[in-house]
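Participant: One file is attached below, coords.cif, containing mmCIF, C-alpha atoms.
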data_model
loop_
_atom_site.label_atom_id
_atom_site.label_comp_id
_atom_site.auth_asym_id
_atom_site.auth_seq_id
_atom_site.Cartn_x
_atom_site.Cartn_y
_atom_site.Cartn_z
CA MET R 160 -12.57 -11.60 14.96
CA TRP R 161 -10.06 -11.25 12.14
CA VAL R 162 -7.30 -8.64 11.92
CA ALA R 163 -5.32 -7.37 8.95
CA PRO R 164 -2.58 -4.72 9.03
CA GLY R 165 -1.99 -1.61 7.02
CA ARG R 166 1.33 -1.36 5.28
CA ILE R 167 4.26 0.90 4.57
CA ASN R 168 6.09 0.40 1.33
CA LEU R 169 9.79 0.79 2.03
CA ILE R 170 10.54 1.20 -1.67
CA GLY R 171 9.07 0.17 -5.03
CA GLU R 172 6.39 2.75 -5.76
CA HIS R 173 4.14 2.49 -8.83
CA THR R 174 6.01 -0.63 -9.91
CA ASP R 175 3.39 -3.22 -8.97
CA TYR R 176 1.07 -2.54 -11.90
CA ASN R 177 4.13 -2.66 -14.15
CA ASP R 178 4.97 -6.26 -13.16
CA GLY R 179 7.88 -4.98 -11.05
CA PHE R 180 9.28 -5.38 -7.55
CA VAL R 181 7.96 -3.97 -4.26
CA LEU R 182 9.21 -4.12 -0.69
CA PRO R 183 6.50 -3.37 1.90
CA ILE R 184 6.26 -4.10 5.61
CA ALA R 185 3.07 -4.63 7.58
CA LEU R 186 2.25 -2.06 10.26
CA PRO R 187 1.17 -2.64 13.86
CA HIS R 188 -1.85 -0.47 12.89
CA ALA R 189 -4.64 -2.77 11.74
CA VAL R 190 -8.30 -3.23 10.86
CA ARG R 191 -10.38 -5.72 12.85
CA VAL R 192 -13.53 -7.34 11.53
CA THR R 193 -15.87 -9.14 13.91
CA ALA R 194 -18.24 -11.32 11.91
CA VAL R 195 -21.09 -13.81 12.23
CA ARG R 196 -23.06 -15.60 9.54
CA ARG R 197 -26.67 -14.78 8.73
CA ASP R 198 -29.17 -17.18 7.21
CA ASP R 199 -31.27 -14.57 5.36
CA GLY R 200 -28.80 -13.65 2.60
CA VAL R 201 -28.28 -10.11 3.90
CA LEU R 202 -24.96 -8.31 4.32
CA ARG R 203 -25.05 -5.87 7.23
CA VAL R 204 -21.97 -3.72 7.90
CA ARG R 205 -21.19 -1.04 10.45
CA SER R 206 -18.02 0.64 11.73
CA ARG R 207 -16.96 1.86 15.15
CA GLN R 208 -15.34 4.85 13.41
CA GLN R 209 -18.19 5.82 11.06
CA ASP R 210 -21.87 6.60 11.50
CA GLY R 211 -24.62 4.59 9.88
CA VAL R 212 -25.30 1.01 8.87
CA THR R 213 -25.11 -0.51 5.39
CA GLU R 214 -27.56 -3.31 4.72
CA VAL R 215 -28.03 -5.00 1.36
CA ALA R 216 -29.08 -8.38 -0.01
CA VAL R 217 -25.99 -10.30 -1.07
CA ALA R 218 -27.76 -11.35 -4.27
CA ASP R 219 -28.18 -7.67 -5.21
CA LEU R 220 -24.51 -6.77 -4.89
CA ALA R 221 -23.02 -5.17 -7.99
CA PRO R 222 -20.57 -2.32 -8.66
CA GLY R 223 -22.23 0.95 -7.70
CA VAL R 224 -24.80 -0.55 -5.33
CA VAL R 225 -22.71 0.21 -2.24
CA THR R 226 -20.53 3.31 -1.99
CA GLY R 227 -18.20 4.88 0.56
CA TRP R 228 -16.05 2.86 2.96
CA ALA R 229 -18.55 -0.03 3.05
CA ALA R 230 -17.90 -0.68 -0.66
CA TYR R 231 -14.56 -2.25 0.27
CA VAL R 232 -16.40 -4.80 2.43
CA ALA R 233 -19.25 -5.40 0.01
CA GLY R 234 -16.81 -5.70 -2.88
CA VAL R 235 -15.06 -8.63 -1.22
CA VAL R 236 -18.35 -10.50 -0.74
CA TRP R 237 -19.34 -9.69 -4.34
CA VAL R 238 -16.04 -10.86 -5.84
CA LEU R 239 -16.11 -14.13 -3.93
CA ARG R 240 -19.57 -14.86 -5.31
CA GLU R 241 -18.45 -13.81 -8.80
CA ALA R 242 -15.57 -16.28 -8.51
CA GLY R 243 -18.04 -19.08 -7.84
CA TYR R 244 -17.73 -19.44 -4.08
CA ASP R 245 -20.82 -20.19 -1.98
CA VAL R 246 -21.08 -17.05 0.15
CA GLY R 247 -24.19 -16.04 2.05
CA GLY R 248 -25.12 -13.24 4.42
CA PHE R 249 -23.07 -11.78 7.26
CA ASP R 250 -23.11 -9.27 10.09
CA LEU R 251 -19.77 -7.47 10.24
CA VAL R 252 -18.49 -4.84 12.63
CA VAL R 253 -15.34 -2.99 11.57
CA ASP R 254 -12.87 -1.40 13.95
CA GLY R 255 -9.34 -0.19 13.35
CA ASP R 256 -6.54 2.27 13.86
CA VAL R 257 -4.92 2.49 10.41
CA PRO R 258 -4.89 6.25 9.68
CA LEU R 259 -7.43 7.00 6.97
CA GLY R 260 -6.28 8.83 3.86
CA ALA R 261 -2.62 8.56 4.84
CA GLY R 262 -1.50 6.18 2.11
CA LEU R 263 -1.01 3.32 4.59
CA SER R 264 -3.55 1.12 2.82
CA SER R 265 -6.44 1.08 5.23
CA SER R 266 -8.56 -0.09 2.29
CA ALA R 267 -6.46 -3.22 1.67
CA ALA R 268 -6.44 -3.95 5.41
CA LEU R 269 -10.24 -3.76 5.43
CA GLU R 270 -10.50 -5.97 2.34
CA SER R 271 -8.04 -8.51 3.73
CA ALA R 272 -9.70 -8.81 7.13
CA THR R 273 -13.09 -9.15 5.44
CA ALA R 274 -11.80 -11.76 3.00
CA LEU R 275 -10.36 -13.88 5.82
CA ALA R 276 -13.54 -13.57 7.87
CA VAL R 277 -15.88 -14.50 5.03
CA ALA R 278 -13.65 -17.33 3.79
CA ASP R 279 -13.27 -18.85 7.26
CA LEU R 280 -16.96 -18.58 8.18
CA SER R 281 -17.92 -20.03 4.78
CA THR R 282 -15.33 -22.84 5.16
CA LEU R 283 -13.71 -21.91 1.85
CA ASP R 284 -10.31 -23.36 1.05
CA ILE R 285 -8.57 -20.33 -0.47
CA ASP R 286 -4.86 -19.71 -0.09
CA ARG R 287 -3.48 -16.28 0.80
CA PHE R 288 -2.21 -15.53 -2.74
CA ARG R 289 -5.66 -16.18 -4.19
CA LEU R 290 -7.30 -14.10 -1.48
CA ALA R 291 -4.97 -11.20 -2.29
CA HIS R 292 -5.96 -11.35 -5.95
CA LEU R 293 -9.65 -11.48 -5.09
CA ALA R 294 -9.32 -8.52 -2.71
CA GLN R 295 -7.47 -6.58 -5.41
CA ARG R 296 -10.25 -7.33 -7.89
CA ALA R 297 -12.83 -6.09 -5.37
CA GLU R 298 -11.01 -2.75 -5.23
CA ASN R 299 -10.48 -2.59 -8.99
CA ASP R 300 -13.89 -3.68 -10.22
CA PHE R 301 -16.28 -2.91 -7.36
CA VAL R 302 -14.79 0.23 -5.82
CA GLY R 303 -13.26 1.52 -9.05
CA MET R 304 -9.68 2.02 -7.85
CA PRO R 305 -7.17 0.47 -10.32
CA CYS R 306 -4.59 -0.54 -7.67
CA GLY R 307 -1.93 -3.18 -8.14
CA ILE R 308 -1.47 -6.31 -6.05
CA MET R 309 1.03 -4.96 -3.52
CA ASP R 310 -1.24 -3.67 -0.75
CA GLN R 311 -3.37 -6.78 -0.37
CA SER R 312 -0.29 -9.03 -0.60
CA ALA R 313 1.49 -7.07 2.13
CA SER R 314 -1.53 -7.26 4.42
CA LEU R 315 -2.05 -10.99 3.91
CA LEU R 316 1.51 -12.31 3.52
CA ALA R 317 3.81 -10.16 5.67
CA ARG R 318 5.93 -11.59 8.48
CA GLU R 319 6.90 -9.90 11.74
CA GLY R 320 10.40 -8.41 11.68
CA HIS R 321 10.68 -8.71 7.91
CA ALA R 322 9.98 -6.81 4.73
CA LEU R 323 8.15 -8.66 1.97
CA LEU R 324 9.95 -8.74 -1.37
CA LEU R 325 7.25 -9.39 -3.94
CA ASP R 326 7.79 -9.98 -7.65
CA THR R 327 4.40 -8.82 -8.90
CA ARG R 328 4.75 -10.76 -12.17
CA THR R 329 5.61 -14.20 -10.83
CA LEU R 330 4.21 -13.62 -7.32
CA ASP R 331 7.43 -15.06 -5.92
CA THR R 332 8.04 -13.74 -2.42
CA ALA R 333 10.93 -13.56 0.01
CA HIS R 334 10.97 -12.36 3.60
CA ILE R 335 13.87 -9.93 4.07
CA PRO R 336 15.10 -9.26 7.63
CA PHE R 337 14.29 -5.72 8.75
CA HIS R 338 15.58 -5.52 12.31
CA VAL R 339 16.75 -1.93 12.14
CA ALA R 340 16.35 -1.32 15.88
CA ALA R 341 19.26 -3.65 16.57
CA ALA R 342 21.41 -1.31 14.46
CA GLY R 343 20.34 1.73 16.46
CA LEU R 344 17.91 2.87 13.76
CA THR R 345 14.24 3.79 13.71
CA LEU R 346 11.76 3.93 10.86
CA LEU R 347 9.99 7.25 11.35
CA VAL R 348 6.64 7.90 9.70
CA VAL R 349 5.32 11.40 9.06
CA ASP R 350 1.64 11.61 8.19
CA THR R 351 1.56 14.93 6.37
CA ARG R 352 -2.24 15.03 6.69
CA ALA R 353 -2.39 16.30 3.14
CA ALA R 354 -5.57 14.94 1.58
CA HIS R 355 -4.86 11.58 -0.06
CA ARG R 356 -7.14 10.94 -3.02
CA LEU R 357 -6.40 8.44 -5.76
CA VAL R 358 -9.77 7.61 -7.29
CA ASP R 359 -9.96 11.07 -8.90
CA GLY R 360 -8.05 10.01 -12.02
CA GLU R 361 -4.40 10.83 -11.38
CA TYR R 362 -3.44 7.31 -10.33
CA ALA R 363 -5.32 5.86 -13.29
CA ALA R 364 -3.60 8.33 -15.62
CA ARG R 365 -0.15 7.19 -14.47
CA ARG R 366 -1.11 3.57 -14.93
CA ALA R 367 -2.47 4.23 -18.42
CA ALA R 368 0.71 6.09 -19.40
CA CYS R 369 2.85 3.14 -18.34
CA HIS R 370 0.74 0.69 -20.30
CA LYS R 371 0.87 2.95 -23.35
CA ALA R 372 4.65 3.20 -23.10
CA ALA R 373 4.99 -0.58 -22.86
CA GLU R 374 2.83 -0.96 -25.96
CA VAL R 375 4.86 1.61 -27.89
CA LEU R 376 8.12 -0.07 -26.85
CA GLY R 377 6.85 -3.55 -27.71
CA VAL R 378 7.31 -5.11 -24.27
CA PRO R 379 4.73 -6.90 -22.11
CA ALA R 380 5.34 -4.47 -19.24
CA LEU R 381 7.87 -1.85 -18.16
CA ARG R 382 9.38 -4.52 -15.90
CA ASP R 383 10.99 -5.95 -19.04
CA LEU R 384 13.15 -2.87 -19.64
CA THR R 385 16.69 -2.92 -18.29
CA GLU R 386 17.66 0.47 -19.70
CA VAL R 387 15.76 3.73 -20.05
CA PRO R 388 14.72 4.30 -23.70
CA THR R 389 15.39 7.61 -25.40
CA ASP R 390 12.82 7.58 -28.20
CA LEU R 391 9.64 8.46 -26.29
CA PRO R 392 7.75 11.71 -25.82
CA ASP R 393 9.00 13.55 -22.73
CA GLU R 394 6.13 12.71 -20.40
CA LEU R 395 6.17 9.01 -21.24
CA LEU R 396 9.96 8.96 -21.01
CA ARG R 397 9.87 10.33 -17.47
CA ARG R 398 7.22 7.84 -16.36
CA VAL R 399 9.26 4.98 -17.80
CA ARG R 400 12.49 6.25 -16.27
CA HIS R 401 10.94 6.21 -12.82
CA VAL R 402 9.73 2.61 -13.14
CA VAL R 403 13.01 1.28 -14.54
CA THR R 404 15.18 3.00 -11.93
CA GLU R 405 12.77 2.20 -9.09
CA ASN R 406 12.95 -1.52 -9.84
CA ARG R 407 16.73 -1.29 -9.62
CA ARG R 408 16.50 0.54 -6.31
CA VAL R 409 14.27 -2.15 -4.81
CA LEU R 410 16.75 -4.90 -5.62
CA ASP R 411 19.66 -2.79 -4.38
CA VAL R 412 17.87 -2.18 -1.07
CA VAL R 413 17.20 -5.91 -0.71
CA ASP R 414 20.90 -6.70 -1.21
CA LEU R 415 21.87 -4.14 1.44
CA LEU R 416 19.30 -5.40 3.95
CA ARG R 417 20.45 -8.98 3.46
CA ALA R 418 24.01 -7.81 4.11
CA GLY R 419 22.88 -5.98 7.27
CA ASP R 420 24.04 -2.63 5.88
CA PHE R 421 20.89 -0.81 6.94
CA ARG R 422 22.19 2.76 6.89
CA ALA R 423 23.27 2.40 3.27
CA ILE R 424 19.67 2.15 2.08
CA GLY R 425 19.07 5.79 3.06
CA PRO R 426 20.33 7.43 -0.17
CA LEU R 427 18.23 4.99 -2.19
CA LEU R 428 15.11 6.05 -0.28
CA THR R 429 15.84 9.69 -1.06
CA ALA R 430 16.57 8.92 -4.72
CA SER R 431 13.21 7.17 -4.92
CA HIS R 432 11.46 10.28 -3.64
CA GLU R 433 13.27 12.52 -6.11
CA SER R 434 12.20 10.23 -8.95
CA LEU R 435 8.59 10.24 -7.75
CA ARG R 436 8.73 14.03 -7.52
CA ASP R 437 10.45 14.83 -10.82
CA ASP R 438 9.69 11.93 -13.18
CA TYR R 439 6.43 10.49 -11.90
CA GLU R 440 5.03 13.76 -10.55
CA VAL R 441 2.98 12.31 -7.71
CA THR R 442 4.27 14.34 -4.76
CA VAL R 443 2.73 17.45 -3.23
CA PRO R 444 4.46 20.30 -1.34
CA GLU R 445 3.83 18.74 2.08
CA LEU R 446 5.62 15.54 1.03
CA ASP R 447 8.58 17.41 -0.46
CA VAL R 448 8.97 19.71 2.55
CA ALA R 449 8.89 16.73 4.93
CA VAL R 450 11.61 14.89 3.00
CA GLU R 451 13.80 17.99 2.80
CA ALA R 452 13.43 18.69 6.54
CA LEU R 453 14.16 15.10 7.53
CA VAL R 454 17.29 14.79 5.41
CA ALA R 455 18.54 18.20 6.53
CA SER R 456 18.09 17.22 10.18
CA GLY R 457 20.14 14.04 9.89
CA ALA R 458 17.94 11.28 8.48
CA HIS R 459 19.89 8.76 6.40
CA GLY R 460 17.16 8.95 3.78
CA ALA R 461 13.49 9.78 3.33
CA ARG R 462 10.75 9.29 0.76
CA MET R 463 7.03 9.49 0.25
CA THR R 464 5.29 6.14 0.57
CA GLY R 465 2.07 5.03 -1.09
CA GLY R 466 0.45 6.25 -4.26
CA GLY R 467 1.28 9.90 -3.66
CA PHE R 468 -0.80 13.09 -3.96
CA GLY R 469 -0.74 13.29 -0.16
CA GLY R 470 -0.20 10.76 2.57
CA CYS R 471 2.97 9.82 4.42
CA VAL R 472 6.73 10.15 4.32
CA ILE R 473 9.08 7.58 5.84
CA ALA R 474 12.62 8.19 7.03
CA LEU R 475 15.41 5.99 8.29
CA VAL R 476 16.81 7.78 11.32
CA ASP R 477 19.37 7.08 14.03
CA THR R 478 17.23 6.40 17.09
CA ALA R 479 19.00 9.16 19.02
CA ARG R 480 17.95 11.68 16.35
CA VAL R 481 14.24 10.82 16.16
CA ASP R 482 13.03 13.64 18.39
CA GLY R 483 15.14 16.19 16.50
CA CYS R 484 13.86 14.99 13.13
CA MET R 485 10.25 15.18 14.29
CA ALA R 486 10.80 18.68 15.61
CA ALA R 487 12.40 19.75 12.32
CA VAL R 488 9.40 18.52 10.31
CA ARG R 489 6.93 20.26 12.58
CA GLU R 490 8.87 23.52 12.34
CA ALA R 491 9.08 23.26 8.54
CA PHE R 492 5.34 22.68 8.28
CA ALA R 493 4.61 25.64 10.52
CA ARG R 494 6.85 27.90 8.40
CA ASN R 495 4.99 26.83 5.27
CA GLY R 496 1.53 27.22 6.77
CA PHE R 497 0.73 23.51 6.52
CA THR R 498 -1.47 21.55 8.93
CA ALA R 499 0.66 20.11 11.72
CA PRO R 500 1.83 16.58 10.80
CA GLU R 501 1.41 13.43 12.86
CA CYS R 502 4.67 11.59 13.56
CA PHE R 503 5.10 8.03 14.80
CA THR R 504 7.59 5.19 14.60
CA ALA R 505 6.91 1.89 12.88
CA THR R 506 8.09 -1.70 13.13
CA ALA R 507 7.56 -4.61 10.77
CA ALA R 508 4.46 -6.41 12.07
CA ALA R 509 2.73 -9.70 11.31
CA GLY R 510 0.26 -10.18 8.49
CA ALA R 511 -3.47 -10.89 8.62
CA ARG R 512 -4.77 -13.52 11.02
CA ARG R 513 -7.72 -14.71 13.07
CA GLU R 514 -7.62 -13.31 16.61
CA ARG R 515 -10.45 -15.29 18.12
#
Output the file's structure as structure tokens, nothing else.
Facilitator:
Amino acid sequence: MWVAPGRINLIGEHTDYNDGFVLPIALPHAVRVTAVRRDDGVLRVRSRQQDGVTEVAVADLAPGVVTGWAAYVAGVVWVLREAGYDVGGFDLVVDGDVPLGAGLSSSAALESATALAVADLSTLDIDRFRLAHLAQRAENDFVGMPCGIMDQSASLLAREGHALLLDTRTLDTAHIPFHVAAAGLTLLVVDTRAAHRLVDGEYAARRAACHKAAEVLGVPALRDLTEVPTDLPDELLRRVRHVVTENRRVLDVVDLLRAGDFRAIGPLLTASHESLRDDYEVTVPELDVAVEALVASGAHGARMTGGGFGGCVIALVDTARVDGCMAAVREAFARNGFTAPECFTATAAAGARRER
């Protein structure tokens, strides 16, 4: 059995595919894959949370052959074979408690647990950085979701009690202490339960706009900009402004965490949300209402986390205020006629591993 966690990105949204900086933590919520080898070249996959069984010859795997949640598993097997690794058939049973559709990267957790299971059972010598890239390619090329490298890296590389600072260009990493409980703080997560869909084109459109802007500006990626340009069409300008300012915010948060000044990161979290709302335009009313309610009820800062268009909000809250903040969000959702949110607290958990 292999386990891989979901993730929360503390800050650094939509920067990973722009060669920028991200700062995720791994969640205690995880996906578990129990696996055995088969000698008939067949991949057989089932889930304890979903009906049905997917069964396909490994040699027949190709983009489009497997769809739905099982594509994330099949894609990992396919990409390993495409990369030249000797991978045969497997029986895999998937189980997990990462909330689906909440922007907490259940897909990367599934890919990472599968990648570890298949690599270990096939006695493949692949380091975690390489596995993260292969899992990302499975999601990009097999599933059709043009995600960056952050989610798979967080799932595979995270350390308990720390946030993972990842430079997505160089792949340099640093583990940043995130022991907020010792400072009387709690990281509160609000699953807005607003439908979270990224494969429908909006995510890809943002990514394409960033790449177009980099081409127009003559830089390899938006990471290379230190100032916000002024000579772009309005939409491109706003996309660029978010990426440039978000990279700064990530590094500022890292400096504050290293100094142990945890409360001071709150305004940066809120500024990140405002940028995602106004410049990157990836929030929805449920996300905005949650942030407004949390800040108004005493949170030091709050922001959407994940790709946007639904999903979760995080807030840094004095532990004594957690119940009041949760109540404020629930009341705000009721006033607006939204589905009642799910609220829980999160700690920085360990990355992917073999359990038995």
Participant: Can you turn the PyMOL selection byres ((chain R and resi 255-257) around 8) into a concrete residue list for this file, as number ranges by chain?
Facilitator: R: 164-165, 188-191, 208, 253-254, 258-259, 263-265
Participant: At a cut-off of 12 Å, using all atoms listed in the file, what residues contact R:Val399? Leave out same-chain residues fewer than 2 positions from it and give the result as a PyMOL selection string.
Facilitator: chain R and resi 173-174+177+365-376+380-397+401-406+434-435+438-439
Participant: Which residues match the PyMOL selection byres ((chain R and resi 277) around 10) in the file above, as an NGL selection string?
Facilitator: :R and (161 or 192 or 194-196 or 235-236 or 239 or 246-249 or 251 or 271-276 or 278-283)
Participant: Mind telling me what the PyMOL selection byres ((chain R and resi 431) around 9) catches here, as a PyMOL selection string?
Facilitator: chain R and resi 170-172+401+404-405+408+426-430+432-436+461-463
Participant: For R:Val224, which residue among R:Phe301, R:Gly457, R:Leu269, R:Thr478 is the nearest when counting all atoms listed in the file?
Facilitator: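 Checking each candidate against R:Val224, we get R:Phe301 as the closest.
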Participant: Atom CA of R:Glu319 and atom CA of R:Ala233 are how many Å apart?
Facilitator: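 Between atom CA of R:Glu319 and atom CA of R:Ala233 the gap is 29.0 Å.
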Participant: How many Å separate atom CA of R:Val412 from atom CA of R:Ile308?
Facilitator: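 Straight-line distance from atom CA of R:Val412 to atom CA of R:Ile308 works out to 20.4 Å.
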Participant: Please determine, counting only C-alpha atoms, which residue among R:Val339, R:Leu324, R:Asn495, R:Val201 has the shortest atom-to-atom distance to R:Asp411.
Facilitator: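 For R:Asp411, the nearest of the candidates is R:Leu324.
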Participant: Give me, please, the distance in Å between atom CA of R:Leu315 and atom CA of R:Ala163, quoted to one decimal.
Facilitator: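 Atom CA of R:Ala163 lies 7.0 Å from atom CA of R:Leu315.
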Participant: Between R:Ala291, R:Glu514, R:Asp210, R:Val441, which is the closest to R:Arg398 once you count all atoms listed in the file?
Facilitator: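 Closest candidate: R:Val441.
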Participant: Specify the axis-aligned box that encloses all atoms of stretch 408-414 of chain R listed in the file after padding of 6 Å on each side, stating its centre and edge lengths in Å to one decimal as lines of an AutoDock Vina configuration file.
Facilitator:
center_x = 17.6
center_y = -3.1
center_z = -3.5
size_x = 18.6
size_y = 19.2
size_z = 17.6
Participant: Restricting the calculation to only C-alpha atoms, which member of R:Glu440, R:Glu361, R:Asp414, R:Asp350 is positioned closest to R:Met485?
Facilitator: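 Between R:Glu440, R:Glu361, R:Asp414, R:Asp350, the residue approaching R:Met485 most closely is R:Asp350.
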Participant: With only C-alpha atoms as the atoms that count, which of R:Asp245, R:Ile184, R:Ala216, R:Val302 lies nearest to R:Ala229?
Facilitator: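 Ranked by minimum distance to R:Ala229, first place goes to R:Val302.
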Participant: With distances taken over only C-alpha atoms, which of R:Tyr244, R:Ala511, R:Val481, R:Pro183 is nearest to R:Arg287?
Facilitator: R:Ala511
Participant: Env of R:Ala449: 8 Å cut, atoms = all atoms listed in the file, seq-sep filter 4 positions within chain, self excluded. Answer as a PyMOL selection string.
Facilitator: chain R and resi 349+351+445+453+472+488+491-492
